[in-house]
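One structure is given here, and the rest of the page talks about it.
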Amino acid sequence: MIEFERFTLNNGLRVIVHTDATTPLVSMNILYNVGSRDEGPEKTGFAHLFEHLMFGGSVNIKKYDEPLERVGGENNAFTNSDVTDFYLTVPKQNLETAFWLESDRMLNLAFSKKSLEVQRNVVIEEFKQNYLNKPYGDTWLLLRPLAYTTHPYQWSTIGKSIEPIQKASMEDVKDFYGRFYNPNNAIMVLAGNTSLDEVRALAEKWFAPIPAGVEVMRNLPAEPVQTAPRSLKVERDVPLDAIYKAFHMCGKMDDDYPIIDLMSDLLSNGNSSRLYQSLIKEQQLFSDINAFLTGDEDGGLFVVSGKLIRGVTMEKAETAIIEEFRRLKTNLINGDELQKVKNKVESLIAFTEMRIQERALNLAYAEHLGDINLVNNDINRYRAVTPEQIRELANQILKPENCSTLYYYSKE
Amino acid sequence: MINRKQIPDIFDIAPDRKVVELITPQTFTLDNGIKVYVINAGVQELVHVEFIFNAGIWHQDLPFVAMSTNNLMKEGTQNMTARQIADELDYYGAYHEASTEKDSAFQALYTLNKHLPATLKVMEEIIKRPLFENNEIDIYLRKKRQDLLVQMEKVDYLARIHFGELLYGAQHPYGRWAGPDDINGVSRENITAFYKKYYRSSNCYIIVAGKIEDTVIGLLNKYFGGSDWDGPAIQDDTSFEIHSAQQLKNHIEKPDALQSALRIGKVLFNRTHPDFSGMHVLNTILGGYFGSRLMTNIREEKGLTYGIGSGLISLKHSGYFFISSEVGAEVADVAMNEIFKEIELLQKEPVTTSELNLVKNYLGGTFLRAVDGPFSLADRFREIHEHDLGIDHYFHMLDTIQKITPDEIMDLANRYLKIDSLYQLKVGK
């Protein structure tokens with residue numbers, strides 16, 4: 001149980017406080033409601049590039065990281081399709097420095113040319129390191145545009161390619177900041193050794209003077225229902241053949257989400273899971289196989305990915321995966337197997353919530369999704385799932401006309 | 001109006017003695033002599049039990065034997081099939097982890113407190129009664145081989161294994177590496193022999209961390225305290241000579257790589273050395289945090305990389321210093337030069353008080369994070385216990401962080417990071 005209190009500043013910034021006096025630290029998490037889905041098709045990779053620029057100095061503070069390190073703090077950030085999240089931890093004595101730093105970059109950035117040039121290069125190196133210079137690194141650059149024809153989820157957060165990052169101008173940067181980096185488009189969580197009174201006083205002092213921005217109105221094109229199977233074959237300089245099957249599914253807040261999440265756990269969470277037991281151990285067709293959800297808000301993907309044992313044909317491997325789908329669609333799973341994946345969800349929550357940083361992020365994300373009580377109640381949605389629902393959803397989702405398949409062949 | 005140009009007052013965060021003392025566990029001895037170290041610090045109903053064996057890479061005669069043994073223990077035992085073990089652990093929402101390091105091997109269990117009795121019973125099977133059936137060995141080795149084929153395509157992985165060899169030599173357990181084909185040399189005989197020799201109660205200790213209930217020691221005694229898995233104690237006195245490479249500058253070709261992986265470093269010493277704490281501060285300044293000299297120059301000034309860092313690795317019988325990065329292939333040599341410039345700068349000019357104070361505070365905060373929560377405390381305990389050090393080591397480290405001067409740092413840079421003592425490796429174009 002994560003206890004919390006909350007208030008909203010006049011400029012619309014939502015503030016959430018979770019007190020834990022057993023740690024000497026406080027975590028601050030600021031989630032901005034902007035992700036790569038908010039980019040134009042010609043400006044992909046921008047939300048993530050922008051995350052980097054948030055460290056390039058703000059209107060009154062030359063460098064972001066240095067003062068934070070000077071008071072014993074540490075920070076990082078991430079961007080995905082839906083949100084951009086900045087988080088830090090700091091010894092409780094120096095909490096005010098965190099307020100000073102974060103409020104200044106919410107107030108305004110320095111927009112230094114040098115920072116744009118440097119971070120452009122840093123992000124290009126990141127692109128190379130993680131997507132181009134690693135075996136199977138370009139998987140998502142291929143799979144997303146195959147699965148999505150219309151919605152901005154068709155590109156990866158890193159961007160479609162390096163070019164738009166090379167071309168990003170200072171105008172673009174300022175425009176993006178003005179639209180999204182406003183108090184009324186953010187959620188701030190403080191978790192750790194602090195109190196509602198302390199946070200309220202500091203938030204009033206540092207964040208309340210920041211003017212609100214224009215409310216973000218999202219009008220993203222909906223992804224049309226897929227009606228026929230899609231596939232793509234590529235050949236790459238990799239040692240093993242691999243297969244990726246991606247199915248459209250609902251968004252995170254949908255009632256069906258926990259059902260599909262448990263379905264993916266049945267298939268691949270832990271060594272007792274179906275795909276591991278059947279395809280790796282019994283039939284020995286794969287050396288690696290996983291089922292997971294992308295978890296995107298506007299309708300994500302249910303993905304099965306696997307690396308084939310050398311000598312096994314793609315057809316045989318794919319048929320075996322489909323046979324596992326058939327079992328889910330035809331037979332009701334027994335109660336023990338379902339209980340097992342529910343227990344795993346419960347224990348995973350307990351372990352991830354050990355750290356205040358995770359609790360802060362979970363609070364921010366639940367509030368962003370529209371119901372902060374999810375941090376404590378989400379587990380009930382999972383507990384309520386029945387074998388019948390699993391079978392029903394398997395039939396709804398795991399069908400050929402809802403599937404995009406990437407056949408990733410080794411050149412060897 | 002508030003003054004946004006001015007950093008708010010900075011308060012002292014130097015960790016006090018009490019925080020360090022939390023690292024000291026309660027010690028128990030099981031009936032067969034196994035030492036159990038208990039860190040009781042949590043608020044959540046979770047527990048982590050770690051069995052540590054002197055059964056690392058150091059102890060194997062053939063590549064992959066230590067790791068294969070450790071990983072295969074859960075794949076079928078006298079009383080449970082591999083499937084039953086997996087089912088049971090998953091049913092209780094527990095996590096099992098087998099990891100093999102240079103000096104030790106670990107069998108770890110993470111579970112909710114309420115499931116500790118049931119899951120410890122499974123751990124007993126895994127640790128005391130594995131069968132190592134041929135079928136399981138085949139599946140495991142084939143998977144391992146395939147994973148390794150993928151790893152060998154990564155410049156970073158290639159740099160890591162070849163750098164070890166440069167520093168320690170191909171015959172030394174810290175330097176030897178093996179490729180996919182060496183997996184063929186692993187057999188059931190190697191594995192069972194390794195298991196029988198090293199996975200004995202006389203060669204094991206246990207760390208328990210979390211919110212600990214009184215019943216824990218009783219449970220451990222019941223499953224692990226008997227004389228049924230005794231054996232001769234391992235005399236850990238094998239020694240190997242270090243043969244660092246002749247040539248300092250090394251290049252491994254990977255012509256089509258978009259980025260080159262860089263490694264620079266040398267054999268140094270481990271935690272037991274009196275200068276370890278000082279080097280810890282020097283390393284932090286050079287490449288140990290986001291604001292470090294290397295990160296500032298190579299990433300934040302020049303944009304040549306996504307990341308660069310340096311570190312001190314403390315092994316049981318040695319230790320080494322390294323710098324690592326992946327940089328654009330066309331700028332690899334520029335980056336290499338800049339790295340050496342930064343090292344030379346530390347040798348020629350004392351760091352400013354402002355920079356040093358920043359690093360001191362940063363390290364103070366890092367220490368607070370490193371002892372936050374029972375699992376972190378357990379890691380800190382293990383870190384010193386494997387070198388037979390007590391918490392005095394951390395007092396000394398915090399003391400050094402507080403007192404070290406710019407001149408002492410410059411002196412350390414001159415003594416330990418001489419340019420002509422550093423190995424450099426580039427994997428890429």
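Here, A, B, ... name the chains of the structure tokens in the order displayed, residue numbers run from 1 inside each chain, and ligands are numbered from 1 in the same displayed order.
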Task: strand (DSSP E or B) positions in region 199-408 of chain A, given as a VMD selection string - done: chain A and resid 230 to 236 242 to 248 286 to 293 301 to 308 403 to 408
Task: All residues 6 Å or closer to region 259-266 of chain B, only C-alpha atoms, same chain fewer than 3 positions away omitted, as a PyMOL selection string - done: chain B and resi 155-156+320-329+422-428
Kindly save the residues from that selection, with C-alpha atoms included, as a CSV table (one decimal), in the first residue's frame.
```csv
chain,number,residue,atom,x,y,z
B,155,VAL,CA,32.1,-4.4,-30.4
B,156,ASP,CA,31.6,-3.8,-26.7
B,320,TYR,CA,42.1,-3.2,-12.3
B,321,PHE,CA,41.3,0.3,-13.6
B,322,PHE,CA,39.5,0.8,-16.9
B,323,ILE,CA,37.9,3.5,-19.1
B,324,SER,CA,35.3,2.4,-21.6
B,325,SER,CA,33.2,4.0,-24.4
B,326,GLU,CA,31.7,3.4,-27.7
B,327,VAL,CA,32.4,6.2,-30.2
B,328,GLY,CA,31.7,7.0,-33.8
B,329,ALA,CA,34.2,5.0,-35.9
B,422,LEU,CA,48.1,2.1,-19.7
B,423,TYR,CA,46.9,-0.5,-22.2
B,424,GLN,CA,44.6,0.7,-25.0
B,425,LEU,CA,42.3,-1.3,-27.1
B,426,LYS,CA,40.1,-0.3,-30.0
B,427,VAL,CA,37.6,-2.7,-31.5
B,428,GLY,CA,36.2,-1.5,-34.8
```
TODO: Residues of chain B near chain A: apply a cut-off of 7 Å, count only C-alpha atoms, and supply the list as a PyMOL selection string.
DONE: chain B and resi 4-5+7-8+10-11+13+83+86-87+90-93+112+139+143+146+149-150+153-154+257-259+291+299-306+328+358-359+361-366+372
Open item on the list: DSSP on the backbone: which residues in region 341-402 of chain A end up as helix (DSSP H, G or I)? Give the answer as a PyMOL selection string.
Closed with: chain A and resi 341-352+356-369+374-383+387-397+400-402
Task: Surrounding residues of region 339-351 of chain B excluding itself and chain neighbours under 3 positions, 7 Å, only C-alpha atoms, as an MDAnalysis selection string - done: chainID B and resid 293:294 335:336 355:356 406:407 410 413:414
Store the residues picked out above, limited to N, CA and C atoms, as a PDB file, in the first residue's frame.
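Written out: result-v3.pdb:
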```
ATOM      1  N   ARG B 293      35.244  14.402 -15.774  1.00  0.00           N
ATOM      2  CA  ARG B 293      36.044  15.050 -16.819  1.00  0.00           C
ATOM      3  C   ARG B 293      35.816  14.396 -18.184  1.00  0.00           C
ATOM      4  N   LEU B 294      35.805  13.068 -18.215  1.00  0.00           N
ATOM      5  CA  LEU B 294      35.653  12.368 -19.497  1.00  0.00           C
ATOM      6  C   LEU B 294      34.279  12.612 -20.099  1.00  0.00           C
ATOM      7  N   ALA B 335      38.880  10.678 -29.951  1.00  0.00           N
ATOM      8  CA  ALA B 335      38.410  10.401 -28.595  1.00  0.00           C
ATOM      9  C   ALA B 335      39.541   9.822 -27.742  1.00  0.00           C
ATOM     10  N   MET B 336      40.294   8.905 -28.322  1.00  0.00           N
ATOM     11  CA  MET B 336      41.404   8.291 -27.599  1.00  0.00           C
ATOM     12  C   MET B 336      42.394   9.366 -27.129  1.00  0.00           C
ATOM     13  N   GLU B 355      35.649  21.819  -7.582  1.00  0.00           N
ATOM     14  CA  GLU B 355      35.371  20.521  -8.202  1.00  0.00           C
ATOM     15  C   GLU B 355      35.504  19.395  -7.171  1.00  0.00           C
ATOM     16  N   LEU B 356      36.538  19.500  -6.347  1.00  0.00           N
ATOM     17  CA  LEU B 356      36.742  18.440  -5.360  1.00  0.00           C
ATOM     18  C   LEU B 356      35.594  18.398  -4.354  1.00  0.00           C
ATOM     19  N   PRO B 406      43.731  18.195  -3.159  1.00  0.00           N
ATOM     20  CA  PRO B 406      44.074  18.247  -4.594  1.00  0.00           C
ATOM     21  C   PRO B 406      45.474  17.697  -4.868  1.00  0.00           C
ATOM     22  N   ASP B 407      46.436  18.000  -3.984  1.00  0.00           N
ATOM     23  CA  ASP B 407      47.797  17.499  -4.217  1.00  0.00           C
ATOM     24  C   ASP B 407      47.864  15.985  -4.120  1.00  0.00           C
ATOM     25  N   MET B 410      46.556  14.542  -7.319  1.00  0.00           N
ATOM     26  CA  MET B 410      47.536  14.667  -8.395  1.00  0.00           C
ATOM     27  C   MET B 410      48.634  13.615  -8.222  1.00  0.00           C
ATOM     28  N   ALA B 413      47.368  10.277  -9.388  1.00  0.00           N
ATOM     29  CA  ALA B 413      47.311  10.222 -10.860  1.00  0.00           C
ATOM     30  C   ALA B 413      48.700   9.970 -11.431  1.00  0.00           C
ATOM     31  N   ASN B 414      49.707  10.559 -10.815  1.00  0.00           N
ATOM     32  CA  ASN B 414      51.076  10.354 -11.298  1.00  0.00           C
ATOM     33  C   ASN B 414      51.610   8.969 -10.973  1.00  0.00           C
TER      34      ASN B 414
END
```
Open item on the list: Env of Phe111 (chain A): 10 Å cut, atoms = only C-alpha atoms, seq-sep filter 3 positions within chain, self excluded. Answer as a list in words.
Closed with: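 Listed by chain and then number, they are Leu53, Met54, Gly56, Gly57, Ser58, Val59, Asn108, Lys114, Ser115, Leu116, Met170, Glu171, Val173, Lys174 and Tyr177 of chain A.
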- [ ] Measure the distance from CA of Asp236 (chain B) to CA of His387 (chain B) in Å and round it to one decimal.
- [x]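 Separation of CA of Asp236 (chain B) and CA of His387 (chain B): 12.9 Å.
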Just want the 8 Å neighbourhood of region 186-190 of chain A, counted on only C-alpha atoms, with same-chain residues fewer than 6 positions away dropped. Output as a short mmCIF file (atom, residue, chain, number, x, y, z; two decimals) with N, CA and C atoms, in the first residue's frame.
```cif
data_model
loop_
_atom_site.label_atom_id
_atom_site.label_comp_id
_atom_site.auth_asym_id
_atom_site.auth_seq_id
_atom_site.Cartn_x
_atom_site.Cartn_y
_atom_site.Cartn_z
N LEU A 13 -0.14 22.65 -12.04
CA LEU A 13 0.80 21.57 -11.74
C LEU A 13 0.24 20.69 -10.63
N ARG A 14 0.13 19.41 -10.92
CA ARG A 14 -0.35 18.46 -9.92
C ARG A 14 0.83 17.95 -9.10
N VAL A 15 0.68 17.98 -7.78
CA VAL A 15 1.77 17.59 -6.89
C VAL A 15 1.29 16.46 -5.99
N ILE A 16 2.09 15.39 -5.92
CA ILE A 16 1.73 14.22 -5.13
C ILE A 16 2.87 13.93 -4.15
N VAL A 17 2.52 13.63 -2.90
CA VAL A 17 3.54 13.42 -1.88
C VAL A 17 3.35 12.06 -1.22
N HIS A 18 4.43 11.30 -1.18
CA HIS A 18 4.42 10.01 -0.49
C HIS A 18 5.55 10.04 0.54
N VAL A 26 15.16 11.67 -0.70
CA VAL A 26 13.87 12.00 -1.32
C VAL A 26 14.02 11.85 -2.83
N SER A 27 13.02 11.25 -3.45
CA SER A 27 12.99 11.17 -4.92
C SER A 27 11.99 12.18 -5.45
N MET A 28 12.39 12.85 -6.51
CA MET A 28 11.46 13.75 -7.19
C MET A 28 11.27 13.22 -8.60
N ASN A 29 10.02 13.10 -9.02
CA ASN A 29 9.73 12.60 -10.36
C ASN A 29 8.81 13.58 -11.06
N ILE A 30 9.25 14.09 -12.20
CA ILE A 30 8.38 14.99 -12.97
C ILE A 30 8.09 14.36 -14.32
N LEU A 31 6.82 14.09 -14.52
CA LEU A 31 6.39 13.44 -15.75
C LEU A 31 5.70 14.47 -16.64
N TYR A 32 6.23 14.65 -17.84
CA TYR A 32 5.59 15.55 -18.81
C TYR A 32 4.77 14.71 -19.78
N ASN A 33 3.58 15.21 -20.04
CA ASN A 33 2.65 14.50 -20.90
C ASN A 33 3.03 14.77 -22.35
N VAL A 199 6.70 20.00 1.21
CA VAL A 199 6.55 20.02 -0.25
C VAL A 199 5.66 21.17 -0.68
N ALA A 360 7.72 6.59 -6.69
CA ALA A 360 7.44 7.92 -7.25
C ALA A 360 6.98 7.80 -8.70
N LEU A 361 7.68 6.98 -9.47
CA LEU A 361 7.31 6.82 -10.88
C LEU A 361 5.92 6.19 -11.01
N LEU A 363 3.42 6.32 -8.97
CA LEU A 363 2.40 7.31 -8.63
C LEU A 363 2.18 8.28 -9.79
N ALA A 364 3.29 8.76 -10.35
CA ALA A 364 3.18 9.73 -11.45
C ALA A 364 2.48 9.10 -12.65
N GLU A 367 -1.31 8.55 -12.07
CA GLU A 367 -2.02 9.83 -12.18
C GLU A 367 -2.12 10.24 -13.65
N HIS A 368 -1.05 10.03 -14.37
CA HIS A 368 -1.05 10.38 -15.80
C HIS A 368 -2.12 9.57 -16.55
#
```
- [ ] Quick one: pull the distance between CA of Gly56 (chain B) and CA of Tyr223 (chain B), Å, one decimal.
- [x]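 These atoms are spaced 23.6 Å apart.
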- [ ] Please provide the set of residues having any atom within 8 Å of Pro152 (chain A), restricted to only C-alpha atoms, with same-chain residues fewer than 2 positions apart removed, written as a ChimeraX atom specification.
- [x] /A:36-41,148,150,154-155,220-221
Task: Ala94 (chain B) surroundings by only C-alpha atoms, 6 Å radius, close-in-sequence under 3 positions cut, as an NGL selection string - done: :B and (89-90 or 110-111)
With C-alpha atoms retained, could you export that selection as a short mmCIF file (atom, residue, chain, number, x, y, z; two decimals), in the first residue's frame?
```
data_model
loop_
_atom_site.label_atom_id
_atom_site.label_comp_id
_atom_site.auth_asym_id
_atom_site.auth_seq_id
_atom_site.Cartn_x
_atom_site.Cartn_y
_atom_site.Cartn_z
CA LEU B 89 9.19 -21.19 -7.70
CA ASP B 90 6.95 -19.40 -10.18
CA TYR B 110 14.02 -13.59 -3.64
CA THR B 111 10.64 -14.26 -2.09
#
```
